[in-house]
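Chemist: The structure is given below, and queries will be raised subsequently.
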Amino acid sequence: MGSTSTLDDTVSIADLVADGAITSNAEVVEWVTGVAELTKPDAVVWCDGSQEEWNRITGEMVAAGTLIPLNKDLRPGSFLARSHPGDVARVEDRTFICSENESDAGPTNNWRAPADMKAELMPLFDGSMRGRTMYVVPFSMGPVGGAITQLGIEITDSPYAVLNMRIMTRMGQAALDGITPGSEWVRTVHSVGAPLLDGAEDVAWPCNDLKYITHFPETLEVWSYGSGYGGNALLSKKCFALRIASVMGRKEGWLAEHMLLLKLTNTDSGKTYHLSAAFPSACGKTNLAMLQPTIPGWKVETIGDDIAWLRPGPDGRLYAINPEAGFFGVAPGTGESTNPVAMETLWGNTIFTNVALTDDGDVWWEGKTDEVPDHLIDWQGDDWTPDAGRVAAHPNSRFTVPIQQTPTLADDWYEQNGVPLDAILFGGRRATNVPLVAQSLSWQHGVFVGATISSEKTAAQEGTVGELRRDPFAMLPFCGYNMADYWGHWLEMGEQLGEHAPKIFQVNWFRKGADGRFLWPGFGDNSRVIDWVIRRVSGEVEGRVSQVGVLPAQGELNLDGIEEVESDLAELFAIDPASWLAECDLTEEFFSRFGDRVPAGLRTELADLRKRLGA
Ligand code: GTP
Ligand code: SPV
Ligand code: MN
């Protein structure tokens, strides 16, 4: 296992780091030493990812009151963590892209000059780990040695982050061994920003009111301060695998996307297909990734639920991997009736954050069961009864669970070189306007569709839930460079892929009727839409061309067993030219924020759409 060294008067920080080092790569040791000299921890732990290490850290956290062990008979190997009530989601207004030029970050990102940001940050990191243990967490994004894989190290003073990183990534010795002198790897540093001075007592969830989630794409660095939560603290995830990786991908000819990844097998022909889908946070990726079809003819298997890296392969097709090794999924709304696969996956070895605790030591959240328990301890640790007038679990409460526990996991998750993509879906949460499904008319039209996605805000980010905002490619908070350049990169990828390019579709599970109810049953019934998508890809159905793309023709969408939806079909697919033209005006306004960096092809698509709408 990795060893621990503790600071006293007789050892220097450099010795402290070197003593425990489990690598001979001087470049790594030197970087870790530099961070330790800055942050001044009491002890340094190099993490090897072993079970023994997991047992030791969870044991320490239970003893400290930071983790609550769940009932071993009901939820073996599982724990509950309660965050500080002010540290429950990503903080987009405190997230910064620090490229040399402001225009490279673009109008959708907060920008700071790298030197200015470092000057602001370094005094905060100076001594920020005093009284705490600094963990060195090496990790691989993708199978170690794979064609699309990348490596990184997170230095953190949060044992909660260490445990989550062990679930979410291939963490430990093998990843560290892959970081060889001179190779490319990403350096990430995380501190909760709560030094323990003069033996002060720790709290269950240390954090700081002041938060910084900062990215230095040109030097492949992330510095995160003040938050212990999810995407703010598990730096492999949104910080590396999307914000930094999107910049790497643009330079090197690949794509880092906020996408789930599915394998579909036609049970009659045995033919397999692969599909990815980008939906904004809390808009259904994990649910679709664990789809249980309600129609016969398809076997659906899971490859990923949040992030996909896409790279053209030697045969000219677009190959995809899920770089992660676990799920950090939204708990509320996850239940036997909506997502039985997730429920089965969560049988044990799971860290729950901000859900409610039952009297028998298990977890509960809104939507887990139809029946609501008579008594709970809510996410803030207070007594809760059904008449409490508040939710028991935080709306952004989450589970962290190893992907290998998924009963529907596809072997393809282990594929070193990824899987070839047949179709890409773009979606959002839209009560109006956007039809259930529409195929784009070309790759360029598909990129336009992705670029103009808007969605109602959810609890996954700080802010007002329900407010409509543009979320291009579901990447608004995650694109590490100028969004207009990103659209250009997508167009170039399409040119390179040519006839091998996957087909692009727009979907919307969330359209509502005038009475406010969802028009589409969603969840497992989304298999009916996927079925149509694949039959379009394989040329089995014609569809009908509309102003906004190709829609299912009469009778093409399989509604066997849900005939009651028939009466809502017209409304599910209604296209109101006046509201679409109004959206076109908003798109033009949105594009104007990017000035002349908007690719000409997208302006052409906007003009063509207006023409088709009769403008
Ligand atoms: P992030 O992890 O934040 O990126 O979210 P995600 O995109 O993986 O979202 P997730 O699958 O966790 O779904 C979020 C919420 O949407 C949950 O409350 C689900 O119950 C709900 N949801 C998912 N799919 C559907 C659907 O098809 N129809 C409806 N009405 N709700 C859905
Ligand atoms: C999201 O918000 O898209 C998530 C959760 O998947 S987090 O890791 O916090 O980004
Ligand atoms: Mn996400």
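Identifiers for the structure tokens are assigned positionally: chains receive A, B, ... in sequence, residues are indexed from 1 per chain, and ligands are indexed from 1 in the order shown.
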Can you tell me which residues sit at most 6 Å away from ligand 1, counting only C-alpha atoms and all ligand atoms, written as a list in words?

Modeler: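 The neighbouring residues of ligand 1 are, in order, Phe279, Pro280, Ser281, Ala282, Cys283, Gly284, Lys285, Thr286, Asn287, Asp306, Gly329, Val330, Pro332, Gly333, Thr334, Ala460, Trp509, Phe510, Gly522 and Phe523 of chain A.
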
Chemist: Take the residues from that selection and put them in a file with N, CA, C and O atoms, as a compact mmCIF listing (two decimals), in the first residue's frame.

Modeler:
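Result file follows (again.txt):
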```
# COMPACT_ATOMS: atom_id res chain seq x y z
N PHE A 279 -27.24 15.27 -22.86
CA PHE A 279 -28.32 16.03 -22.23
C PHE A 279 -27.70 16.84 -21.11
O PHE A 279 -26.79 16.35 -20.43
N PRO A 280 -28.21 18.04 -20.83
CA PRO A 280 -27.68 18.84 -19.72
C PRO A 280 -27.78 18.10 -18.38
O PRO A 280 -28.49 17.08 -18.29
N SER A 281 -27.11 18.61 -17.37
CA SER A 281 -27.11 18.00 -16.05
C SER A 281 -28.54 17.78 -15.55
O SER A 281 -29.40 18.65 -15.71
N ALA A 282 -28.75 16.60 -14.97
CA ALA A 282 -30.05 16.22 -14.42
C ALA A 282 -31.17 16.24 -15.46
O ALA A 282 -32.30 16.60 -15.17
N CYS A 283 -30.84 15.84 -16.69
CA CYS A 283 -31.85 15.77 -17.75
C CYS A 283 -31.97 14.37 -18.33
O CYS A 283 -32.48 14.20 -19.44
N GLY A 284 -31.46 13.35 -17.63
CA GLY A 284 -31.81 11.99 -18.03
C GLY A 284 -30.70 11.12 -18.60
O GLY A 284 -30.99 10.06 -19.13
N LYS A 285 -29.44 11.51 -18.49
CA LYS A 285 -28.37 10.66 -19.05
C LYS A 285 -28.26 9.33 -18.30
O LYS A 285 -28.24 8.27 -18.91
N THR A 286 -28.18 9.39 -16.97
CA THR A 286 -28.01 8.15 -16.20
C THR A 286 -29.21 7.23 -16.46
O THR A 286 -29.05 6.03 -16.63
N ASN A 287 -30.40 7.81 -16.51
CA ASN A 287 -31.59 7.00 -16.76
C ASN A 287 -31.54 6.33 -18.13
O ASN A 287 -31.83 5.15 -18.25
N ASP A 306 -22.19 9.72 -18.26
CA ASP A 306 -21.99 11.17 -18.07
C ASP A 306 -20.97 11.78 -19.04
O ASP A 306 -21.15 12.90 -19.48
N GLY A 329 -24.46 9.66 -9.63
CA GLY A 329 -25.79 9.87 -10.19
C GLY A 329 -26.72 10.63 -9.26
O GLY A 329 -26.56 10.62 -8.04
N VAL A 330 -27.74 11.26 -9.86
CA VAL A 330 -28.78 11.96 -9.11
C VAL A 330 -29.66 10.93 -8.41
O VAL A 330 -30.18 10.03 -9.06
N PRO A 332 -32.68 11.57 -6.26
CA PRO A 332 -34.13 11.78 -6.34
C PRO A 332 -34.69 11.39 -7.71
O PRO A 332 -34.08 11.66 -8.73
N GLY A 333 -35.82 10.72 -7.69
CA GLY A 333 -36.43 10.27 -8.94
C GLY A 333 -35.96 8.91 -9.37
O GLY A 333 -36.48 8.34 -10.31
N THR A 334 -34.93 8.36 -8.70
CA THR A 334 -34.42 7.04 -9.03
C THR A 334 -35.16 6.01 -8.19
O THR A 334 -35.03 6.00 -6.96
N ALA A 460 -28.77 20.68 -10.44
CA ALA A 460 -27.36 20.26 -10.53
C ALA A 460 -26.40 21.43 -10.49
O ALA A 460 -25.20 21.26 -10.33
N TRP A 509 -37.71 14.34 -23.93
CA TRP A 509 -38.63 13.48 -23.15
C TRP A 509 -39.59 14.32 -22.31
O TRP A 509 -40.43 13.79 -21.63
N PHE A 510 -39.41 15.63 -22.29
CA PHE A 510 -40.03 16.45 -21.23
C PHE A 510 -41.14 17.39 -21.71
O PHE A 510 -41.54 18.30 -21.01
N GLY A 522 -41.74 8.38 -21.07
CA GLY A 522 -40.30 8.46 -20.76
C GLY A 522 -39.72 7.17 -20.22
O GLY A 522 -40.28 6.09 -20.38
N PHE A 523 -38.54 7.29 -19.58
CA PHE A 523 -37.84 6.16 -18.95
C PHE A 523 -37.77 4.97 -19.91
O PHE A 523 -37.33 5.14 -21.04
```

Chemist: So which residues are near ligand 2, meaning at most 10 Å away with only C-alpha atoms and all ligand atoms counted, given back as a PyMOL selection string?

Modeler: chain A and resi 88-91+229-239+242+258-259+279-283+285-286+305-307+327-330+396-398+458-461+474-475+477-478

Chemist: Please identify which residues in stretch 4-77 of chain A DSSP calls alpha helix (DSSP H) from the backbone, and express them as an NGL selection string.

Modeler: :A and (13-20 or 26-39 or 51-64)

Chemist: For A:Pro76, which residue out of A:Trp347, A:Phe426, A:Phe591, A:Trp205 is the nearest one, using only C-alpha atoms?

Modeler: A:Trp347

Chemist: Find the residues around A:Asp87 up to 10 Å (only C-alpha atoms counted), leave out those fewer than 5 positions away in its own chain, and share them as a ChimeraX atom specification.

Modeler: /A:82,205-209,211,226-230,232,462

Chemist: Export, as a PDB file, in the first residue's frame, the selected residues with N, CA, C and O atoms.

Modeler:
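Contents of out_29.pdb, freshly written:
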```pdb
ATOM      1  N   ARG A  82     -23.020  13.818   4.664  1.00  0.00           N
ATOM      2  CA  ARG A  82     -23.862  15.021   4.592  1.00  0.00           C
ATOM      3  C   ARG A  82     -22.954  16.213   4.377  1.00  0.00           C
ATOM      4  O   ARG A  82     -22.052  16.471   5.168  1.00  0.00           O
ATOM      5  N   TRP A 205     -17.972  18.292   7.452  1.00  0.00           N
ATOM      6  CA  TRP A 205     -17.805  18.639   6.027  1.00  0.00           C
ATOM      7  C   TRP A 205     -17.075  19.983   5.931  1.00  0.00           C
ATOM      8  O   TRP A 205     -17.695  21.037   5.789  1.00  0.00           O
ATOM      9  N   PRO A 206     -15.747  19.974   6.017  1.00  0.00           N
ATOM     10  CA  PRO A 206     -15.014  21.232   5.922  1.00  0.00           C
ATOM     11  C   PRO A 206     -15.121  21.819   4.511  1.00  0.00           C
ATOM     12  O   PRO A 206     -15.079  21.083   3.523  1.00  0.00           O
ATOM     13  N   CYS A 207     -15.295  23.115   4.411  1.00  0.00           N
ATOM     14  CA  CYS A 207     -15.276  23.824   3.126  1.00  0.00           C
ATOM     15  C   CYS A 207     -15.100  25.304   3.432  1.00  0.00           C
ATOM     16  O   CYS A 207     -14.953  25.688   4.593  1.00  0.00           O
ATOM     17  N   ASN A 208     -15.086  26.115   2.411  1.00  0.00           N
ATOM     18  CA  ASN A 208     -14.884  27.550   2.605  1.00  0.00           C
ATOM     19  C   ASN A 208     -15.985  28.303   1.850  1.00  0.00           C
ATOM     20  O   ASN A 208     -16.389  27.873   0.773  1.00  0.00           O
ATOM     21  N   ASP A 209     -16.456  29.417   2.409  1.00  0.00           N
ATOM     22  CA  ASP A 209     -17.473  30.204   1.694  1.00  0.00           C
ATOM     23  C   ASP A 209     -16.931  30.698   0.363  1.00  0.00           C
ATOM     24  O   ASP A 209     -17.670  30.872  -0.608  1.00  0.00           O
ATOM     25  N   LYS A 211     -15.030  30.133  -2.950  1.00  0.00           N
ATOM     26  CA  LYS A 211     -14.733  28.969  -3.791  1.00  0.00           C
ATOM     27  C   LYS A 211     -14.121  29.398  -5.118  1.00  0.00           C
ATOM     28  O   LYS A 211     -14.505  30.427  -5.689  1.00  0.00           O
ATOM     29  N   GLY A 226     -12.045  25.363  -1.824  1.00  0.00           N
ATOM     30  CA  GLY A 226     -13.189  25.797  -1.025  1.00  0.00           C
ATOM     31  C   GLY A 226     -14.408  24.896  -1.031  1.00  0.00           C
ATOM     32  O   GLY A 226     -15.292  25.065  -0.200  1.00  0.00           O
ATOM     33  N   SER A 227     -14.490  23.935  -1.979  1.00  0.00           N
ATOM     34  CA  SER A 227     -15.670  23.075  -2.042  1.00  0.00           C
ATOM     35  C   SER A 227     -15.267  21.616  -1.968  1.00  0.00           C
ATOM     36  O   SER A 227     -14.228  21.223  -2.488  1.00  0.00           O
ATOM     37  N   GLY A 228     -16.099  20.806  -1.330  1.00  0.00           N
ATOM     38  CA  GLY A 228     -15.841  19.367  -1.284  1.00  0.00           C
ATOM     39  C   GLY A 228     -16.772  18.603  -2.192  1.00  0.00           C
ATOM     40  O   GLY A 228     -16.755  17.377  -2.225  1.00  0.00           O
ATOM     41  N   TYR A 229     -17.629  19.298  -2.945  1.00  0.00           N
ATOM     42  CA  TYR A 229     -18.750  18.643  -3.615  1.00  0.00           C
ATOM     43  C   TYR A 229     -18.470  18.211  -5.050  1.00  0.00           C
ATOM     44  O   TYR A 229     -17.981  18.993  -5.862  1.00  0.00           O
ATOM     45  N   GLY A 230     -18.861  17.011  -5.386  1.00  0.00           N
ATOM     46  CA  GLY A 230     -18.982  16.506  -6.768  1.00  0.00           C
ATOM     47  C   GLY A 230     -18.027  17.128  -7.760  1.00  0.00           C
ATOM     48  O   GLY A 230     -16.805  17.087  -7.593  1.00  0.00           O
ATOM     49  N   ASN A 232     -16.976  19.892  -8.259  1.00  0.00           N
ATOM     50  CA  ASN A 232     -16.012  20.892  -7.774  1.00  0.00           C
ATOM     51  C   ASN A 232     -14.757  20.239  -7.195  1.00  0.00           C
ATOM     52  O   ASN A 232     -13.710  20.881  -7.090  1.00  0.00           O
ATOM     53  N   GLU A 462     -25.977  25.694  -9.026  1.00  0.00           N
ATOM     54  CA  GLU A 462     -26.574  26.754  -8.215  1.00  0.00           C
ATOM     55  C   GLU A 462     -27.395  27.647  -9.146  1.00  0.00           C
ATOM     56  O   GLU A 462     -27.037  27.873 -10.288  1.00  0.00           O
TER      57      GLU A 462
END
```

Chemist: With distances taken over only C-alpha atoms and all ligand atoms, which residue among A:Glu344, A:Gly249, A:Trp580, A:Leu260 lies nearest ligand 3?

Modeler: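 Smallest distance to ligand 3 is found for A:Leu260.
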
Chemist: Identify, on the basis of only C-alpha atoms, every residue whose closest approach to A:Asp268 does not exceed 9 Å; exclude the query and any residue fewer than 3 positions from it along the same chain; express the result as a PDB file with N, CA and C atoms, in the first residue's frame.

Modeler:
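Generated file (selection_16.pdb):
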```pdb
ATOM      1  N   THR A 265     -28.287  -4.168 -28.994  1.00  0.00           N
ATOM      2  CA  THR A 265     -28.215  -5.375 -29.820  1.00  0.00           C
ATOM      3  C   THR A 265     -29.617  -5.716 -30.290  1.00  0.00           C
ATOM      4  N   LYS A 271     -27.334  -7.967 -34.681  1.00  0.00           N
ATOM      5  CA  LYS A 271     -26.518  -6.794 -35.040  1.00  0.00           C
ATOM      6  C   LYS A 271     -26.386  -5.839 -33.855  1.00  0.00           C
ATOM      7  N   GLY A 297     -37.237  -7.015 -28.855  1.00  0.00           N
ATOM      8  CA  GLY A 297     -36.374  -6.861 -30.029  1.00  0.00           C
ATOM      9  C   GLY A 297     -35.036  -6.218 -29.746  1.00  0.00           C
ATOM     10  N   TRP A 298     -34.878  -5.648 -28.534  1.00  0.00           N
ATOM     11  CA  TRP A 298     -33.626  -4.964 -28.238  1.00  0.00           C
ATOM     12  C   TRP A 298     -33.048  -5.379 -26.897  1.00  0.00           C
TER      13      TRP A 298
END
```

Chemist: As a list in words, please: every residue in stretch 118-211 of chain A that a backbone DSSP assignment puts in strand (DSSP E or B).

Modeler: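 Output for stretch 118-211 of chain A, strand (DSSP E or B) only: Thr133, Met134, Tyr135, Val136, Val137, Pro138, Phe139, Ser140, Met141, Gln150, Leu151, Gly152, Ile153, Glu154, Ile155, Thr156, Arg170, Met171, Val186, Arg187, Thr188, Val189, His190 and Ser191 of chain A.
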
Chemist: So which residues touch stretch 61-66 of chain A within 8 Å, counting only C-alpha atoms, skipping near sequence neighbours fewer than 4 positions away, as a list in words?

Modeler: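 Everything that qualifies: Ile57, Ala81, Arg82, Pro159, Val203, Ala204 and Trp205 of chain A.
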
Chemist: Would you mind reading off the distance between atom CA of A:Leu586 and atom CA of A:Arg544, one decimal, in Å?

Modeler: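 Between atom CA of A:Leu586 and atom CA of A:Arg544 the gap works out to 26.7 Å.
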
Chemist: List as a PDB file with all heavy atoms, in the first residue's frame the protein and nucleic acid residues near A:Ala18, meaning an atom at most 9 Å away when only C-alpha atoms are counted, but skip any in the same chain fewer than 5 places from it.

Modeler:
```
ATOM      1  N   ILE A  13       9.572  19.049   4.268  1.00  0.00           N
ATOM      2  CA  ILE A  13       8.419  18.644   3.464  1.00  0.00           C
ATOM      3  C   ILE A  13       8.868  17.781   2.301  1.00  0.00           C
ATOM      4  O   ILE A  13       8.216  16.788   1.944  1.00  0.00           O
ATOM      5  CB  ILE A  13       7.653  19.902   2.990  1.00  0.00           C
ATOM      6  CG1 ILE A  13       6.926  20.489   4.198  1.00  0.00           C
ATOM      7  CG2 ILE A  13       6.706  19.568   1.849  1.00  0.00           C
ATOM      8  CD1 ILE A  13       5.537  20.982   3.993  1.00  0.00           C
ATOM      9  N   VAL A  29       7.391  13.504  -8.370  1.00  0.00           N
ATOM     10  CA  VAL A  29       7.777  13.773  -6.981  1.00  0.00           C
ATOM     11  C   VAL A  29       8.034  15.267  -6.790  1.00  0.00           C
ATOM     12  O   VAL A  29       7.629  15.867  -5.784  1.00  0.00           O
ATOM     13  CB  VAL A  29       9.016  12.931  -6.597  1.00  0.00           C
ATOM     14  CG1 VAL A  29       9.484  13.282  -5.192  1.00  0.00           C
ATOM     15  CG2 VAL A  29       8.699  11.438  -6.702  1.00  0.00           C
ATOM     16  N   GLU A  30       8.654  15.866  -7.782  1.00  0.00           N
ATOM     17  CA  GLU A  30       8.976  17.292  -7.706  1.00  0.00           C
ATOM     18  C   GLU A  30       7.702  18.145  -7.664  1.00  0.00           C
ATOM     19  O   GLU A  30       7.582  19.077  -6.872  1.00  0.00           O
ATOM     20  CB  GLU A  30       9.773  17.658  -8.956  1.00  0.00           C
ATOM     21  CG  GLU A  30      10.750  18.795  -8.782  1.00  0.00           C
ATOM     22  CD  GLU A  30      11.587  18.905 -10.054  1.00  0.00           C
ATOM     23  OE1 GLU A  30      12.476  18.043 -10.263  1.00  0.00           O
ATOM     24  OE2 GLU A  30      11.295  19.826 -10.845  1.00  0.00           O
ATOM     25  N   THR A  33       5.986  17.670  -4.330  1.00  0.00           N
ATOM     26  CA  THR A  33       6.750  18.395  -3.314  1.00  0.00           C
ATOM     27  C   THR A  33       6.407  19.886  -3.344  1.00  0.00           C
ATOM     28  O   THR A  33       6.178  20.511  -2.296  1.00  0.00           O
ATOM     29  CB  THR A  33       8.267  18.200  -3.532  1.00  0.00           C
ATOM     30  OG1 THR A  33       8.544  16.804  -3.522  1.00  0.00           O
ATOM     31  CG2 THR A  33       9.083  18.899  -2.458  1.00  0.00           C
TER      32      THR A  33
END
```

Chemist: Quick one: everything within 8 Å of stretch 437-451 of chain A, counting only C-alpha atoms, minus sequence neighbours fewer than 2 positions away in the same chain. Send it as a list in words.

Modeler: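 After dropping sequence-adjacent residues, the list is Phe426, Pro435, Ile453, Asp471, Pro472, Phe473, Trp487, Trp490, Leu491, Gly494, Ala501, Lys503, Ile504, Phe505, Gln506, Val507, Asn508, Val529, Val533, Val548, Gly549, Val550, Leu551, Pro552, Phe573, Gly601, Leu602, Glu605 and Leu606 of chain A.
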
Chemist: Go ahead and write the residues just picked, C-alpha atoms, as a PDB file, in the first residue's frame.

Modeler:
```
ATOM      1  CA  PHE A 426     -28.919  15.864 -28.347  1.00  0.00           C
ATOM      2  CA  PRO A 435     -40.644  17.393 -30.670  1.00  0.00           C
ATOM      3  CA  ILE A 453     -30.055  23.356 -27.490  1.00  0.00           C
ATOM      4  CA  ASP A 471     -26.879  24.847 -23.199  1.00  0.00           C
ATOM      5  CA  PRO A 472     -25.075  24.004 -26.452  1.00  0.00           C
ATOM      6  CA  PHE A 473     -24.170  20.298 -26.635  1.00  0.00           C
ATOM      7  CA  TRP A 487     -18.758  24.287 -32.930  1.00  0.00           C
ATOM      8  CA  TRP A 490     -17.403  19.652 -34.529  1.00  0.00           C
ATOM      9  CA  LEU A 491     -17.903  20.759 -38.140  1.00  0.00           C
ATOM     10  CA  GLY A 494     -17.783  15.878 -39.581  1.00  0.00           C
ATOM     11  CA  ALA A 501     -20.090  10.074 -39.453  1.00  0.00           C
ATOM     12  CA  LYS A 503     -26.286  10.246 -37.614  1.00  0.00           C
ATOM     13  CA  ILE A 504     -27.467  13.077 -35.334  1.00  0.00           C
ATOM     14  CA  PHE A 505     -30.905  13.276 -33.656  1.00  0.00           C
ATOM     15  CA  GLN A 506     -32.662  15.702 -31.324  1.00  0.00           C
ATOM     16  CA  VAL A 507     -34.860  14.275 -28.545  1.00  0.00           C
ATOM     17  CA  ASN A 508     -37.068  15.733 -25.817  1.00  0.00           C
ATOM     18  CA  VAL A 529     -37.603   6.329 -29.677  1.00  0.00           C
ATOM     19  CA  VAL A 533     -33.493   6.025 -34.327  1.00  0.00           C
ATOM     20  CA  VAL A 548     -36.950  20.977 -38.110  1.00  0.00           C
ATOM     21  CA  GLY A 549     -35.787  17.544 -39.290  1.00  0.00           C
ATOM     22  CA  VAL A 550     -37.021  14.056 -40.112  1.00  0.00           C
ATOM     23  CA  LEU A 551     -39.855  12.909 -37.815  1.00  0.00           C
ATOM     24  CA  PRO A 552     -41.342   9.416 -37.495  1.00  0.00           C
ATOM     25  CA  PHE A 573     -44.671  16.338 -32.554  1.00  0.00           C
ATOM     26  CA  GLY A 601     -22.063  26.844 -41.733  1.00  0.00           C
ATOM     27  CA  LEU A 602     -24.144  27.499 -38.615  1.00  0.00           C
ATOM     28  CA  GLU A 605     -28.303  26.559 -41.089  1.00  0.00           C
ATOM     29  CA  LEU A 606     -30.126  29.338 -39.221  1.00  0.00           C
TER      30      LEU A 606
END
```

Chemist: Go through A:Ala36, A:Ser224, A:Pro85, A:Asp360 one by one, measure the shortest atom-to-atom distance of each to A:Lys72 using only C-alpha atoms, and give the residue with the smallest value.

Modeler: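 Result for the nearest residue to A:Lys72: A:Asp360.
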
Chemist: Find the distance between atom CA of A:Asp93 and atom CA of A:Thr108 and write it in Å to one decimal.

Modeler: 10.8 Å

Chemist: Have a look at A:Pro41, A:Pro195, A:Pro395, A:Pro420 and name the one nearest to A:Tyr225; count only C-alpha atoms.

Modeler: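 Checking each of A:Pro41, A:Pro195, A:Pro395, A:Pro420 against A:Tyr225, counting only C-alpha atoms, the winner is A:Pro195.
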